[in-house]
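Structure file run_37.tsv (TSV, C-alpha atoms) follows.
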```
chain	number	residue	atom	x	y	z
A	1228	MET	CA	100.03	134.58	129.59
A	1229	SER	CA	102.23	131.63	128.88
A	1230	TYR	CA	104.58	130.14	126.35
A	1231	ASP	CA	102.74	127.10	125.04
A	1232	ILE	CA	103.50	123.87	123.24
A	1233	TYR	CA	100.56	121.88	121.84
A	1234	PHE	CA	100.59	118.20	120.94
A	1235	LEU	CA	98.47	116.99	118.04
A	1236	ASN	CA	97.55	113.80	116.26
A	1237	ARG	CA	97.99	115.27	112.81
A	1238	ARG	CA	96.79	113.21	109.86
A	1239	PRO	CA	99.39	112.57	107.12
A	1240	ASP	CA	97.46	114.72	104.63
A	1241	GLN	CA	96.74	117.49	107.16
A	1242	SER	CA	98.67	120.77	107.23
A	1243	TRP	CA	99.71	122.32	110.53
A	1244	ASP	CA	97.24	125.15	109.95
A	1245	GLU	CA	94.41	122.65	109.49
A	1246	ALA	CA	95.45	120.66	112.57
A	1247	LEU	CA	95.67	123.81	114.70
A	1248	GLU	CA	92.29	125.01	113.44
A	1249	GLU	CA	90.80	121.64	114.37
A	1250	LEU	CA	92.43	121.88	117.83
A	1251	GLN	CA	90.94	125.35	118.33
A	1252	GLU	CA	87.50	124.12	117.31
A	1253	ASP	CA	87.85	121.21	119.76
A	1254	GLN	CA	88.87	123.63	122.54
A	1255	ASP	CA	85.73	125.67	121.91
A	1256	VAL	CA	83.53	122.64	122.61
A	1257	GLU	CA	83.31	121.46	126.21
A	1258	VAL	CA	84.08	117.77	126.30
A	1259	GLU	CA	83.27	115.57	129.26
A	1260	GLY	CA	84.79	112.22	130.05
A	1261	LEU	CA	88.01	110.61	131.13
A	1262	VAL	CA	91.52	110.82	129.75
A	1263	PRO	CA	91.81	107.95	127.25
A	1264	PRO	CA	93.64	104.84	128.53
A	1265	GLU	CA	96.46	105.20	125.98
A	1266	LEU	CA	97.20	108.71	127.27
A	1267	ILE	CA	97.11	107.50	130.89
A	1268	GLU	CA	99.64	104.81	129.97
A	1269	ALA	CA	101.83	107.43	128.26
A	1270	TRP	CA	101.44	109.73	131.29
A	1271	ASP	CA	102.63	106.94	133.57
A	1272	ARG	CA	105.83	106.77	131.49
A	1273	ILE	CA	106.23	110.56	131.23
A	1274	VAL	CA	106.05	111.31	134.97
A	1275	PRO	CA	109.24	109.50	136.06
A	1276	ARG	CA	111.13	110.86	133.07
A	1277	ALA	CA	109.90	114.38	133.90
A	1278	ARG	CA	111.11	113.94	137.49
A	1279	GLY	CA	114.51	112.96	136.14
A	1280	LEU	CA	114.61	116.11	134.02
A	1281	LEU	CA	113.02	118.66	136.35
A	1282	GLY	CA	113.47	117.28	139.84
A	1283	GLU	CA	110.66	117.76	142.33
A	1284	ILE	CA	107.27	118.08	140.65
A	1285	GLU	CA	103.72	118.25	141.93
A	1286	LEU	CA	101.12	115.96	140.39
A	1287	PHE	CA	97.38	116.38	140.03
A	1288	GLU	CA	95.28	113.59	138.55
A	1289	ASN	CA	91.51	113.23	138.67
A	1290	GLY	CA	90.58	111.07	135.67
A	1291	GLU	CA	89.66	114.07	133.51
A	1292	THR	CA	93.05	115.77	133.86
A	1293	CYS	CA	96.64	114.80	134.56
A	1294	GLU	CA	99.00	117.66	135.37
A	1295	LEU	CA	102.55	118.00	136.53
A	1296	THR	CA	103.88	121.29	137.81
A	1297	HIS	CA	107.47	122.29	138.44
A	1298	HIS	CA	107.04	125.22	140.79
A	1299	ALA	CA	110.61	126.52	140.53
A	1300	THR	CA	110.24	127.25	136.81
A	1301	GLY	CA	106.47	127.39	136.35
A	1302	ILE	CA	106.60	124.61	133.75
A	1303	GLN	CA	103.35	122.68	133.60
A	1304	ALA	CA	102.46	119.69	131.44
A	1305	SER	CA	98.80	118.76	131.12
A	1306	VAL	CA	96.85	115.90	129.63
A	1307	PHE	CA	93.16	116.56	129.26
A	1308	ILE	CA	90.44	114.42	127.73
A	1309	ASP	CA	91.22	115.68	124.25
A	1310	GLU	CA	94.39	117.79	124.58
A	1311	VAL	CA	98.03	117.58	125.64
A	1312	ALA	CA	100.03	120.75	126.29
A	1313	ILE	CA	103.01	122.30	128.03
A	1314	THR	CA	102.86	125.83	129.38
A	1315	VAL	CA	105.40	128.02	131.11
A	1316	PRO	CA	104.64	131.54	132.31
A	1317	TYR	CA	106.48	134.50	130.85
A	1318	TRP	CA	108.73	134.96	133.91
A	1319	HIS	CA	112.11	134.32	132.33
A	1320	THR	CA	114.54	136.44	130.29
A	1321	GLY	CA	118.02	136.04	128.84
A	1322	ASP	CA	120.08	133.05	129.96
A	1323	GLU	CA	117.29	131.90	132.28
A	1324	ALA	CA	114.81	131.88	129.37
A	1325	GLU	CA	117.26	129.78	127.38
A	1326	ARG	CA	117.66	127.31	130.25
A	1327	ILE	CA	113.90	127.06	130.83
A	1328	LEU	CA	113.06	126.59	127.16
A	1329	GLY	CA	115.74	123.90	126.99
A	1330	LEU	CA	113.81	122.07	129.72
A	1331	VAL	CA	110.48	122.71	127.96
A	1332	TYR	CA	111.77	121.30	124.67
A	1333	ALA	CA	113.31	118.27	126.42
A	1334	LEU	CA	109.98	117.60	128.15
A	1335	ALA	CA	108.20	118.09	124.82
A	1336	ALA	CA	110.45	115.50	123.17
A	1337	MET	CA	109.54	113.04	125.97
A	1338	ILE	CA	105.84	113.70	125.45
A	1339	GLU	CA	106.17	113.23	121.70
A	1340	HIS	CA	108.02	109.96	122.21
A	1341	GLU	CA	105.60	108.57	124.78
A	1342	THR	CA	102.32	109.69	123.17
A	1343	GLY	CA	103.18	109.48	119.47
A	1344	MET	CA	101.72	112.98	119.09
A	1345	GLU	CA	103.54	115.84	117.36
A	1346	GLY	CA	104.52	118.93	119.32
A	1347	TYR	CA	103.91	122.38	117.86
A	1348	ASP	CA	105.28	125.71	119.08
A	1349	PRO	CA	102.75	128.41	118.09
A	1350	GLN	CA	105.13	131.20	119.14
A	1351	ALA	CA	107.68	130.05	116.55
A	1352	GLU	CA	104.93	128.72	114.25
A	1353	ARG	CA	106.81	125.46	113.71
A	1354	PRO	CA	106.77	121.86	114.93
A	1355	ILE	CA	109.20	121.28	117.78
A	1356	SER	CA	111.02	118.64	115.72
A	1357	GLU	CA	112.22	121.51	113.49
A	1358	LEU	CA	113.23	123.90	116.27
A	1359	ALA	CA	116.02	124.46	118.74
A	1360	PRO	CA	115.03	125.99	122.10
A	1361	GLN	CA	117.08	129.07	121.23
A	1362	GLN	CA	114.53	129.96	118.58
A	1363	GLY	CA	111.94	130.65	121.29
A	1364	VAL	CA	114.28	132.50	123.65
A	1365	ALA	CA	113.83	135.86	121.94
A	1366	VAL	CA	110.05	135.55	122.18
A	1367	MET	CA	110.20	134.45	125.83
A	1368	SER	CA	112.67	137.18	126.82
A	1369	ALA	CA	110.92	139.98	124.95
A	1370	THR	CA	107.45	139.07	126.21
A	1371	SER	CA	108.66	138.57	129.79
A	1372	GLY	CA	110.51	141.90	129.71
A	1373	ASP	CA	107.50	143.69	128.26
A	1374	LEU	CA	105.18	142.27	130.91
A	1375	ARG	CA	107.59	143.28	133.67
A	1376	LYS	CA	107.68	146.83	132.34
A	1377	ARG	CA	103.91	147.01	131.96
A	1378	PHE	CA	103.18	145.73	135.44
A	1379	GLY	CA	106.06	147.40	137.24
A	1380	ASN	CA	108.13	144.35	138.11
A	1381	ASP	CA	111.57	144.99	136.66
A	1382	SER	CA	113.31	142.56	139.01
```
This structure in structure tokens:
Amino acid sequence: MSYDIYFLNRRPDQSWDEALEELQEDQDVEVEGLVPPELIEAWDRIVPRARGLLGEIELFENGETCELTHHATGIQASVFIDEVAITVPYWHTGDEAERILGLVYALAAMIEHETGMEGYDPQAERPISELAPQQGVAVMSATSGDLRKRFGNDS
């Protein structure tokens, strides 16, 4: 389970619900091919900025996928053929959740800027442009705490 941010090319007349439904339909269809050149160019601008924000990151790129992973926090940004997303596992609670979501939202703002896509936080059910990271902290903390209780890791 992870806290997710999705990036969409939403049409001006399209509601968020319609855009998310279209994204879900696209995810249900296996698409083959390469990441479009415009997303590769955006990725090439995102990576150094992400390093500046997060520090040491691991990269994976194979033409169909571009991913960066920050192992210390679990934050991962991915560009697929037809999808851009950020995920972070539900590991963090309290002040740490606030710090991590601050990083996630800063990375999301970079991705929005570089791709021209709009970020959407399905946990808060709002576009990231309308949210402060603190609005997701309660969700992150509660879910992380619940998972720790369920699986016996209260550390």
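Rounded to one decimal, atom CA of A:His1297 and atom CA of A:Arg1272 lie 17.1 Å from each other.
With only C-alpha atoms as the atoms that count, the residue of A:Ala1277, A:Leu1247, A:Ile1267, A:Ile1338 with the shortest distance to A:Ala1312 is A:Ile1338.
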**OP:** Please identify all polymer residues within 10 Å of A:Val1311, counting only C-alpha atoms, omitting same-chain residues fewer than 5 positions from it, and present them as a ChimeraX atom specification.
**Re:** /A:1232-1235,1266,1292-1294,1304-1306,1338,1342,1344,1346
Original post:
Taking (102.4, 116.8, 143.2) in the file's coordinates, which residues come within 9 Å, counting all atoms listed in the file, written as a list in words?
Top reply: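 Final list of nearby residues, as requested, is Glu1283, Ile1284, Glu1285, Leu1286, Phe1287, Glu1294, Leu1295, Thr1296 and His1297 of chain A.
From atom CA of A:Pro1263 back to atom CA of A:Ile1308, the distance works out to 6.6 Å.
Minimum atom-to-atom distance to A:Arg1237, evaluated using all atoms listed in the file, belongs to A:Glu1345 out of A:Asp1309, A:Glu1357, A:Glu1291, A:Glu1345.
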Subject >> Residue nearest A:Gly1282 - candidates A:Leu1261, A:Ala1351, A:Leu1330, A:Ala1269, atoms counted: all atoms listed in the file >> reply: A:Leu1330
Original post:
When distances are computed from all atoms listed in the file, which of A:Glu1288, A:Gln1350, A:Glu1252, A:Gly1301 shows the smallest separation from A:Asp1271?
Top reply: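 Looking at the shortest contact to A:Asp1271, the residue is A:Glu1288.
Distances to A:Val1331 were evaluated for A:Ile1302, A:Pro1349, A:Gln1251, A:Asp1244 using all atoms listed in the file, and the minimum falls at A:Ile1302.
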Original post:
So, counting all atoms listed in the file, which residue among A:Ser1229, A:Ile1273, A:Trp1318, A:His1298 is closest to A:Ala1335?
Top reply: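 So, comparing all the options, the nearest one is A:Ile1273.
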**OP:** Work out how far apart atom CA of A:Tyr1347 and atom CA of A:Ala1299 are and give it in Å to one decimal.
**Re:**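 Between these atoms lies a distance of 24.0 Å.
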Hey, could you pull the box centre and edge lengths for stretch 1304-1323 of chain A, axis-aligned, 5 Å padding per side, all listed atoms, to one decimal in Å, as AutoDock Vina command-line options?
```
--center_x 105.3 --center_y 125.4 --center_z 129.1 --size_x 39.6 --size_y 32.0 --size_z 19.7
```
